[in-house]
$ cat start15.cif   # mmCIF, C-alpha atoms
data_input
#
loop_
_atom_site.label_atom_id
_atom_site.label_comp_id
_atom_site.auth_asym_id
_atom_site.auth_seq_id
_atom_site.Cartn_x
_atom_site.Cartn_y
_atom_site.Cartn_z
CA MET S 1 -114.54 16.74 1.14
CA SER S 2 -114.70 13.43 2.88
CA GLU S 3 -112.34 11.63 5.19
CA ASN S 4 -109.71 9.58 3.49
CA ASN S 5 -109.37 6.42 5.51
CA GLN S 6 -108.45 4.08 2.70
CA LEU S 7 -104.92 2.93 2.03
CA ARG S 8 -105.22 4.05 -1.54
CA ASP S 9 -106.62 7.01 -3.36
CA VAL S 10 -109.79 6.22 -5.30
CA PHE S 11 -108.41 8.05 -8.32
CA ASP S 12 -105.26 5.90 -8.30
CA ALA S 13 -107.48 2.86 -8.18
CA ILE S 14 -109.53 3.83 -11.22
CA ALA S 15 -106.60 5.18 -13.25
CA ASP S 16 -105.96 1.72 -14.68
CA PRO S 17 -108.15 0.32 -17.50
CA THR S 18 -108.10 -3.25 -16.13
CA ARG S 19 -109.37 -2.03 -12.78
CA ARG S 20 -112.06 0.04 -14.44
CA ARG S 21 -113.17 -3.06 -16.32
CA LEU S 22 -113.21 -5.03 -13.04
CA ILE S 23 -115.36 -2.37 -11.38
CA GLN S 24 -117.71 -2.47 -14.35
CA LEU S 25 -118.02 -6.28 -14.19
CA LEU S 26 -118.62 -6.18 -10.45
CA ALA S 27 -121.23 -3.44 -10.87
CA GLU S 28 -123.18 -5.71 -13.20
CA SER S 29 -123.68 -8.51 -10.69
CA ASP S 30 -124.02 -9.06 -6.96
CA GLU S 31 -120.99 -11.21 -6.34
CA ILE S 32 -118.45 -12.89 -8.64
CA PRO S 33 -115.91 -15.63 -7.85
CA LEU S 34 -112.30 -14.98 -8.89
CA HIS S 35 -112.23 -17.60 -11.65
CA GLU S 36 -115.23 -16.00 -13.37
CA LEU S 37 -113.50 -12.62 -13.31
CA THR S 38 -110.23 -14.07 -14.56
CA VAL S 39 -111.73 -15.49 -17.76
CA GLN S 40 -112.68 -11.95 -18.83
CA PHE S 41 -109.04 -10.94 -19.16
CA GLN S 42 -106.01 -11.86 -21.23
CA MET S 43 -103.79 -11.81 -18.17
CA GLY S 44 -103.34 -14.57 -15.62
CA ARG S 45 -105.08 -15.14 -12.32
CA THR S 46 -102.23 -13.64 -10.28
CA ALA S 47 -102.30 -10.39 -12.25
CA VAL S 48 -106.08 -10.09 -11.87
CA SER S 49 -105.71 -10.79 -8.14
CA LYS S 50 -103.21 -7.96 -7.82
CA HIS S 51 -105.63 -5.51 -9.39
CA LEU S 52 -108.39 -6.74 -7.07
CA THR S 53 -106.09 -6.15 -4.09
CA ILE S 54 -105.56 -2.55 -5.17
CA LEU S 55 -109.32 -2.09 -5.49
CA LYS S 56 -109.73 -3.64 -2.04
CA GLU S 57 -107.22 -1.22 -0.57
CA ALA S 58 -109.19 1.67 -2.02
CA GLY S 59 -112.31 0.26 -0.34
CA LEU S 60 -113.96 -0.37 -3.71
CA VAL S 61 -114.11 -4.15 -3.45
CA ILE S 62 -115.13 -6.50 -0.66
CA ASP S 63 -114.15 -10.17 -0.74
CA ARG S 64 -115.23 -13.25 1.19
CA LYS S 65 -114.24 -16.88 1.20
CA VAL S 66 -116.88 -19.43 0.31
CA GLY S 67 -115.41 -22.90 0.60
CA ARG S 68 -112.29 -22.88 -1.53
CA GLU S 69 -113.18 -19.90 -3.66
CA THR S 70 -113.01 -16.17 -3.06
CA ARG S 71 -115.96 -14.09 -4.15
CA PHE S 72 -115.83 -10.38 -4.87
CA ARG S 73 -118.40 -7.66 -4.82
CA LEU S 74 -118.37 -3.92 -5.48
CA ASN S 75 -118.54 -1.35 -2.71
CA ALA S 76 -119.43 1.80 -4.62
CA ALA S 77 -119.37 4.14 -1.61
CA PRO S 78 -115.80 5.46 -2.13
CA LEU S 79 -116.82 6.58 -5.62
CA LYS S 80 -119.05 9.06 -3.79
CA GLU S 81 -115.83 10.91 -2.93
CA ILE S 82 -115.49 11.81 -6.56
CA GLN S 83 -118.98 13.27 -6.61
CA ASP S 84 -118.29 15.11 -3.35
CA TRP S 85 -115.16 16.93 -4.51
CA VAL S 86 -116.78 18.09 -7.73
CA ALA S 87 -119.66 19.59 -5.75
CA PHE S 88 -117.29 21.18 -3.23
CA TYR S 89 -114.99 22.81 -5.80
CA SER S 90 -117.82 23.82 -8.08
CA LYS S 91 -119.10 26.03 -5.27
CA PHE S 92 -115.60 27.17 -4.27
CA TRP S 93 -114.59 28.31 -7.77
CA ASN S 94 -117.96 29.77 -8.72
CA THR S 95 -117.81 32.03 -5.68
CA ASN S 96 -114.20 33.02 -6.31
CA MET S 97 -114.53 33.59 -10.06
CA MET S 98 -117.56 35.78 -9.38
CA ARG S 99 -115.53 37.76 -6.86
CA LEU S 100 -112.77 38.21 -9.45
CA LYS S 101 -115.36 39.59 -11.87
CA GLN S 102 -116.40 42.22 -9.34
CA LEU S 103 -112.79 43.15 -8.59
CA LEU S 104 -111.90 43.48 -12.26
CA GLU S 105 -114.97 45.54 -13.04
CA GLU S 106 -114.40 47.84 -10.10
CA GLU S 107 -110.75 48.12 -11.19
CA GLU S 108 -109.61 47.04 -7.76
CA ILE S 109 -107.23 44.42 -9.00
CA MET V 1 -120.38 11.06 -11.58
CA SER V 2 -117.76 13.25 -13.14
CA LEU V 3 -113.99 13.04 -13.00
CA LYS V 4 -113.41 16.65 -13.77
CA LEU V 5 -114.83 20.04 -13.08
CA GLU V 6 -114.99 22.66 -15.83
CA LEU V 7 -116.10 26.26 -15.46
CA ASP V 8 -116.03 29.24 -17.82
CA PHE V 9 -116.26 32.89 -16.88
CA GLN V 10 -116.01 35.95 -19.12
CA TYR V 11 -114.30 39.07 -17.91
CA THR V 12 -114.30 42.61 -19.25
CA ALA V 13 -110.59 43.22 -18.88
CA SER V 14 -107.40 42.74 -20.84
CA ILE V 15 -105.87 39.27 -20.99
CA GLU V 16 -102.76 40.67 -19.25
CA LYS V 17 -104.89 41.87 -16.38
CA VAL V 18 -106.63 38.50 -15.98
CA TRP V 19 -103.25 36.75 -16.16
CA SER V 20 -101.93 39.04 -13.47
CA ALA V 21 -104.97 38.26 -11.27
CA LEU V 22 -104.11 34.55 -11.66
CA THR V 23 -100.41 34.85 -10.88
CA ASP V 24 -99.74 37.85 -8.62
CA PRO V 25 -99.87 36.67 -4.98
CA PHE V 26 -101.37 39.95 -3.73
CA LYS V 27 -104.14 39.82 -6.33
CA LEU V 28 -104.71 36.09 -5.76
CA ALA V 29 -105.20 36.84 -2.07
CA LYS V 30 -108.06 39.20 -2.99
CA TRP V 31 -110.12 36.63 -4.83
CA ILE V 32 -108.87 33.18 -3.74
CA LEU V 33 -106.87 32.96 -0.51
CA ALA V 34 -103.66 34.11 1.19
CA ASN V 35 -100.75 32.49 -0.63
CA ASP V 36 -97.08 32.51 -1.66
CA PHE V 37 -97.68 31.80 -5.34
CA LYS V 38 -95.12 32.44 -8.10
CA ALA V 39 -95.68 31.65 -11.78
CA VAL V 40 -92.45 29.67 -12.08
CA VAL V 41 -92.47 26.02 -13.14
CA GLY V 42 -91.51 23.84 -10.17
CA HIS V 43 -92.35 26.52 -7.57
CA ARG V 44 -94.12 25.03 -4.55
CA PHE V 45 -96.79 27.20 -2.98
CA HIS V 46 -99.50 27.25 -0.34
CA PHE V 47 -102.97 28.65 -0.14
CA GLN V 48 -104.28 29.03 3.37
CA ALA V 49 -108.00 28.97 4.10
CA GLU V 50 -109.60 29.50 7.49
CA PRO V 51 -109.08 26.17 9.32
CA ASN V 52 -112.13 24.52 10.83
CA GLU V 53 -112.82 21.38 12.82
CA TRP V 54 -112.77 19.10 9.77
CA TRP V 55 -110.16 20.79 7.58
CA ASP V 56 -106.77 22.37 8.33
CA GLY V 57 -107.45 24.79 5.47
CA LEU V 58 -104.06 24.17 3.89
CA ILE V 59 -103.75 23.73 0.13
CA GLU V 60 -100.32 22.86 -1.27
CA GLY V 61 -99.34 22.90 -4.91
CA GLU V 62 -96.59 22.90 -7.45
CA VAL V 63 -96.54 24.91 -10.66
CA LEU V 64 -96.56 22.60 -13.71
CA ILE V 65 -97.02 24.82 -16.79
CA VAL V 66 -96.63 28.57 -17.32
CA ASP V 67 -97.48 29.87 -20.79
CA GLU V 68 -98.09 33.59 -20.29
CA PRO V 69 -100.77 34.84 -20.87
CA ASN V 70 -102.58 31.75 -22.18
CA LEU V 71 -102.21 28.80 -19.87
CA LEU V 72 -101.35 28.09 -16.25
CA SER V 73 -101.42 24.68 -14.60
CA TYR V 74 -100.57 23.50 -11.10
CA THR V 75 -101.19 20.67 -8.67
CA TRP V 76 -103.60 21.32 -5.84
CA ALA V 77 -103.34 19.04 -2.82
CA SER V 78 -105.52 19.25 0.24
CA ALA V 79 -107.04 16.91 2.80
CA GLY V 80 -105.19 13.91 1.39
CA GLU V 81 -106.36 14.46 -2.18
CA GLN V 82 -104.24 15.72 -5.03
CA HIS V 83 -105.83 17.44 -8.00
CA THR V 84 -104.60 19.27 -11.10
CA VAL V 85 -105.92 22.78 -11.78
CA THR V 86 -105.50 24.27 -15.26
CA TRP V 87 -106.50 27.78 -16.34
CA THR V 88 -106.86 28.67 -20.01
CA LEU V 89 -107.29 32.29 -21.11
CA GLN V 90 -108.68 33.34 -24.45
CA VAL V 91 -109.60 36.69 -25.96
CA LEU V 92 -113.10 36.52 -27.47
CA ALA V 93 -114.41 38.30 -30.58
CA ASP V 94 -116.14 40.94 -28.43
CA GLY V 95 -112.85 41.74 -26.65
CA LYS V 96 -113.82 40.00 -23.41
CA VAL V 97 -111.54 37.39 -21.90
CA ASN V 98 -112.79 33.87 -21.39
CA LEU V 99 -111.24 32.18 -18.37
CA HIS V 100 -111.63 28.43 -18.43
CA LEU V 101 -111.02 26.34 -15.33
CA ASP V 102 -110.35 22.65 -15.56
CA GLN V 103 -109.80 20.66 -12.37
CA THR V 104 -109.35 16.90 -12.34
CA GLY V 105 -108.97 14.50 -9.45
CA PHE V 106 -105.94 13.00 -11.09
CA SER V 107 -102.58 14.12 -9.80
CA ASN V 108 -101.10 14.37 -13.27
CA PRO V 109 -102.62 16.04 -16.32
CA GLN V 110 -102.32 12.77 -18.26
CA GLY V 111 -104.78 11.12 -15.88
CA LEU V 112 -107.75 11.87 -18.04
CA GLU V 113 -106.14 10.82 -21.26
CA GLY V 114 -108.28 7.73 -21.25
CA ALA V 115 -111.19 10.08 -21.99
CA LYS V 116 -111.17 8.95 -25.58
CA TYR V 117 -111.46 5.36 -24.37
CA GLY V 118 -114.84 5.83 -22.85
CA TRP V 119 -114.44 7.50 -19.46
CA SER V 120 -117.85 9.10 -19.77
CA ALA V 121 -119.57 5.82 -20.65
CA TRP V 122 -117.83 4.19 -17.72
CA CYS V 123 -118.93 6.96 -15.37
CA GLY V 124 -122.47 6.68 -16.68
CA GLN V 125 -122.62 2.99 -15.84
CA LEU V 126 -121.21 3.62 -12.39
CA ASP V 127 -123.90 6.19 -11.68
CA LYS V 128 -126.35 3.28 -11.61
CA ALA V 129 -124.25 1.55 -8.98
CA LEU V 130 -124.24 4.71 -6.87
CA ASP V 131 -128.00 5.12 -6.80
#
$ encode --input "start15.cif" --output "structure tokens"
Amino acid sequence: MSENNQLRDVFDAIADPTRRRLIQLLAESDEIPLHELTVQFQMGRTAVSKHLTILKEAGLVIDRKVGRETRFRLNAAPLKEIQDWVAFYSKFWNTNMMRLKQLLEEEEI
Amino acid sequence: MSLKLELDFQYTASIEKVWSALTDPFKLAKWILANDFKAVVGHRFHFQAEPNEWWDGLIEGEVLIVDEPNLLSYTWASAGEQHTVTWTLQVLADGKVNLHLDQTGFSNPQGLEGAKYGWSAWCGQLDKALD
């Protein structure tokens, strides 16, 4: 398990379909200005901005100002957390469920 | 990248015995960890692992579903992450009991409901970004 320094849980961040779509769009290119992201959605610029803020708080998005526009890019590293916990618990439960098998077969439980 | 962990084990024992191993705190201590578990919806419990320098070893949870002897579900929070653990028990044709574990990183069992809307495709695409 990794340290959780972000303001928001990665799972919370990806629980929303709009934010998953944003991550997908950002994964497809290096850097995208806000107005190019906004046109992909039915909702307004403010609503898209709010979702981007949530992604930023989870460490999934990095933004920078270029002149008058804000550009966004994906930081995929926090998604590694998801891979890490699956690996951790896979080992944890495999060991324990094997131990349960032994206990049940030796009638010790 | 996967958003849930699934494991299946088969046991040569009665379903009641496997259920008891999943719910009796003394039995749980033998194969998982020391705990104060009770199979009562809403009961809050702890599992305590050996603490080390990077983990306090404390797991806290709350019982969500108890359907004896078929299904047991609870939250599982540790190190700032909250997961949902669900156990499903099933008697197989050969008399063995299949114990299915399902753990998701979402703090409510509805978290993965979007599965039908392409979670796996989404995860597949993200794997490229993680390389």
$ residues_around --input "start15.cif" --residues "Trp55 (chain V)" --least-positions-apart "4" --cutoff "9 Å" --atoms "all atoms listed in the file" --output "PyMOL selection string"
(chain S and resi 1) or (chain V and resi 50-51+78-79)
$ closest_atom_pairs --input "start15.cif" --of "chain S" --to "chain V" --cutoff "7 Å" --atoms "all atoms listed in the file" --output "CSV"
residue,atom,partner,partner_atom,distance
S:Asn4,CA,V:Gly80,CA,6.6
S:Phe11,CA,V:Phe106,CA,6.2
S:Ala15,CA,V:Gly111,CA,6.7
S:Ala27,CA,V:Ala129,CA,6.1
S:Ala76,CA,V:Leu130,CA,6.1
S:Ile82,CA,V:Leu3,CA,6.7
S:Gln83,CA,V:Met1,CA,5.6
S:Val86,CA,V:Leu5,CA,6.0
S:Ser90,CA,V:Leu5,CA,6.9
S:Asn96,CA,V:Trp31,CA,5.6
S:Arg99,CA,V:Trp31,CA,5.9
S:Leu100,CA,V:Trp31,CA,5.6
S:Lys101,CA,V:Tyr11,CA,6.2
S:Leu104,CA,V:Ala13,CA,6.8
S:Glu105,CA,V:Thr12,CA,6.9
S:Ile109,CA,V:Lys27,CA,6.2
$ atom_distance --input "start15.cif" --atom1 "CA of Leu60 (chain S)" --atom2 "CA of Pro78 (chain S)"
6.3 Å
$ atom_distance --input "start15.cif" --atom1 "CA of Leu55 (chain S)" --atom2 "CA of Ser73 (chain V)"
29.4 Å
$ atom_distance --input "start15.cif" --atom1 "CA of Arg45 (chain S)" --atom2 "CA of Pro33 (chain S)"
11.7 Å
$ residues_around --input "start15.cif" --residues "Trp76 (chain V)" --least-positions-apart "3" --cutoff "8 Å" --atoms "all atoms listed in the file" --output "mmCIF file with C-alpha atoms, in the coordinates of the input"
data_model
loop_
_atom_site.group_PDB
_atom_site.id
_atom_site.type_symbol
_atom_site.label_atom_id
_atom_site.label_comp_id
_atom_site.auth_asym_id
_atom_site.auth_seq_id
_atom_site.Cartn_x
_atom_site.Cartn_y
_atom_site.Cartn_z
ATOM 1 C CA ILE V 59 -103.750 23.730 0.130
ATOM 2 C CA GLU V 60 -100.320 22.860 -1.270
ATOM 3 C CA GLY V 61 -99.340 22.900 -4.910
ATOM 4 C CA GLU V 62 -96.590 22.900 -7.450
ATOM 5 C CA GLN V 82 -104.240 15.720 -5.030
ATOM 6 C CA HIS V 83 -105.830 17.440 -8.000
ATOM 7 C CA THR V 84 -104.600 19.270 -11.100
ATOM 8 C CA VAL V 85 -105.920 22.780 -11.780
#
$ closest_residue --input "start15.cif" --among "S:Asn94, S:Leu103, S:Asn75, S:Glu31" --to "Glu57 (chain S)" --atoms "all atoms listed in the file"
S:Asn75
$ resolve_selection --input "start15.cif" --expression "the PyMOL selection byres ((chain V and resi 44) around 12)" --output "JSON, numbers by chain"
{"V": [35, 36, 37, 38, 39, 40, 41, 42, 43, 45, 46, 47, 59, 60, 61, 62, 63, 64, 74, 75, 76, 77]}
$ closest_residue --input "start15.cif" --among "S:Arg68, S:Thr95, S:Ala77, S:Thr18" --to "Ser49 (chain S)" --atoms "only C-alpha atoms"
S:Thr18
$ resolve_selection --input "start15.cif" --expression "the PyMOL selection byres ((chain S and resi 26) around 10)" --output "list in words"
Arg20, Arg21, Leu22, Ile23, Gln24, Leu25, Ala27, Glu28, Ser29, Asp30, Glu31, Ile32, Leu37, Val61, Phe72, Arg73, Leu74, Asn75 and Ala76 of chain S; Ala129 of chain V
$ axis_aligned_box --input "start15.cif" --around "region 52-71 of chain S" --padding-each-side "3 Å" --output "JSON"
{"center_x": -111.2, "center_y": -10.6, "center_z": -2.9, "size_x": 17.3, "size_y": 30.6, "size_z": 14.3}
$ decode --input "start15.cif" --residues "region 50-80 of chain V" --atoms "N, CA and C atoms" --output "compact mmCIF listing (two decimals), in the first residue's frame"
# COMPACT_ATOMS: atom_id res chain seq x y z
N GLU V 50 0.17 -7.07 12.87
CA GLU V 50 1.42 -6.63 13.48
C GLU V 50 1.80 -5.27 12.88
N PRO V 51 1.89 -4.21 13.70
CA PRO V 51 2.27 -2.91 13.12
C PRO V 51 3.72 -2.94 12.66
N ASN V 52 4.03 -2.16 11.64
CA ASN V 52 5.44 -2.01 11.25
C ASN V 52 5.71 -0.54 10.97
N GLU V 53 6.88 -0.24 10.47
CA GLU V 53 7.26 1.17 10.34
C GLU V 53 6.40 1.94 9.33
N TRP V 54 5.77 1.23 8.39
CA TRP V 54 4.98 1.95 7.39
C TRP V 54 3.48 1.70 7.48
N TRP V 55 3.06 0.90 8.47
CA TRP V 55 1.64 0.61 8.60
C TRP V 55 1.29 0.35 10.06
N ASP V 56 0.23 0.99 10.56
CA ASP V 56 -0.16 0.77 11.96
C ASP V 56 -0.84 -0.58 12.16
N GLY V 57 -1.10 -1.28 11.06
CA GLY V 57 -1.66 -2.63 11.15
C GLY V 57 -3.14 -2.69 11.46
N LEU V 58 -3.77 -1.53 11.59
CA LEU V 58 -5.18 -1.50 11.98
C LEU V 58 -6.10 -1.49 10.77
N ILE V 59 -7.06 -2.41 10.78
CA ILE V 59 -8.09 -2.46 9.75
C ILE V 59 -9.43 -2.24 10.45
N GLU V 60 -10.21 -1.31 9.98
CA GLU V 60 -11.51 -1.03 10.58
C GLU V 60 -12.60 -1.29 9.56
N GLY V 61 -13.71 -1.83 10.02
CA GLY V 61 -14.79 -2.11 9.07
C GLY V 61 -16.16 -2.03 9.70
N GLU V 62 -17.14 -2.09 8.83
CA GLU V 62 -18.53 -2.10 9.28
C GLU V 62 -19.27 -3.15 8.47
N VAL V 63 -20.07 -3.96 9.17
CA VAL V 63 -20.80 -5.03 8.49
C VAL V 63 -21.94 -4.43 7.68
N LEU V 64 -22.00 -4.80 6.38
CA LEU V 64 -23.03 -4.26 5.48
C LEU V 64 -24.17 -5.24 5.21
N ILE V 65 -23.82 -6.49 4.91
CA ILE V 65 -24.84 -7.49 4.56
C ILE V 65 -24.53 -8.82 5.26
N VAL V 66 -25.53 -9.41 5.88
CA VAL V 66 -25.38 -10.74 6.46
C VAL V 66 -26.53 -11.59 5.93
N ASP V 67 -26.21 -12.59 5.11
CA ASP V 67 -27.23 -13.49 4.59
C ASP V 67 -26.71 -14.91 4.82
N GLU V 68 -26.88 -15.38 6.06
CA GLU V 68 -26.34 -16.68 6.47
C GLU V 68 -27.02 -17.82 5.71
N PRO V 69 -26.29 -18.79 5.19
CA PRO V 69 -24.84 -18.92 5.13
C PRO V 69 -24.31 -18.61 3.72
N ASN V 70 -24.94 -17.66 3.04
CA ASN V 70 -24.60 -17.46 1.62
C ASN V 70 -23.75 -16.25 1.31
N LEU V 71 -23.96 -15.15 2.03
CA LEU V 71 -23.29 -13.92 1.65
C LEU V 71 -22.97 -13.05 2.86
N LEU V 72 -21.77 -12.51 2.85
CA LEU V 72 -21.33 -11.62 3.92
C LEU V 72 -20.54 -10.48 3.29
N SER V 73 -20.89 -9.24 3.65
CA SER V 73 -20.20 -8.10 3.05
C SER V 73 -19.89 -7.06 4.12
N TYR V 74 -18.68 -6.50 4.06
CA TYR V 74 -18.33 -5.44 5.01
C TYR V 74 -17.33 -4.47 4.39
N THR V 75 -17.26 -3.28 5.01
CA THR V 75 -16.24 -2.33 4.56
C THR V 75 -14.92 -2.71 5.23
N TRP V 76 -13.85 -2.25 4.64
CA TRP V 76 -12.51 -2.66 5.07
C TRP V 76 -11.61 -1.44 4.86
N ALA V 77 -11.37 -0.70 5.94
CA ALA V 77 -10.60 0.54 5.80
C ALA V 77 -9.27 0.42 6.51
N SER V 78 -8.23 0.83 5.79
CA SER V 78 -6.89 0.75 6.36
C SER V 78 -5.97 1.69 5.61
N ALA V 79 -5.05 2.31 6.33
CA ALA V 79 -4.06 3.18 5.69
C ALA V 79 -4.71 4.21 4.76
N GLY V 80 -5.82 4.78 5.20
CA GLY V 80 -6.45 5.86 4.43
C GLY V 80 -7.26 5.41 3.22
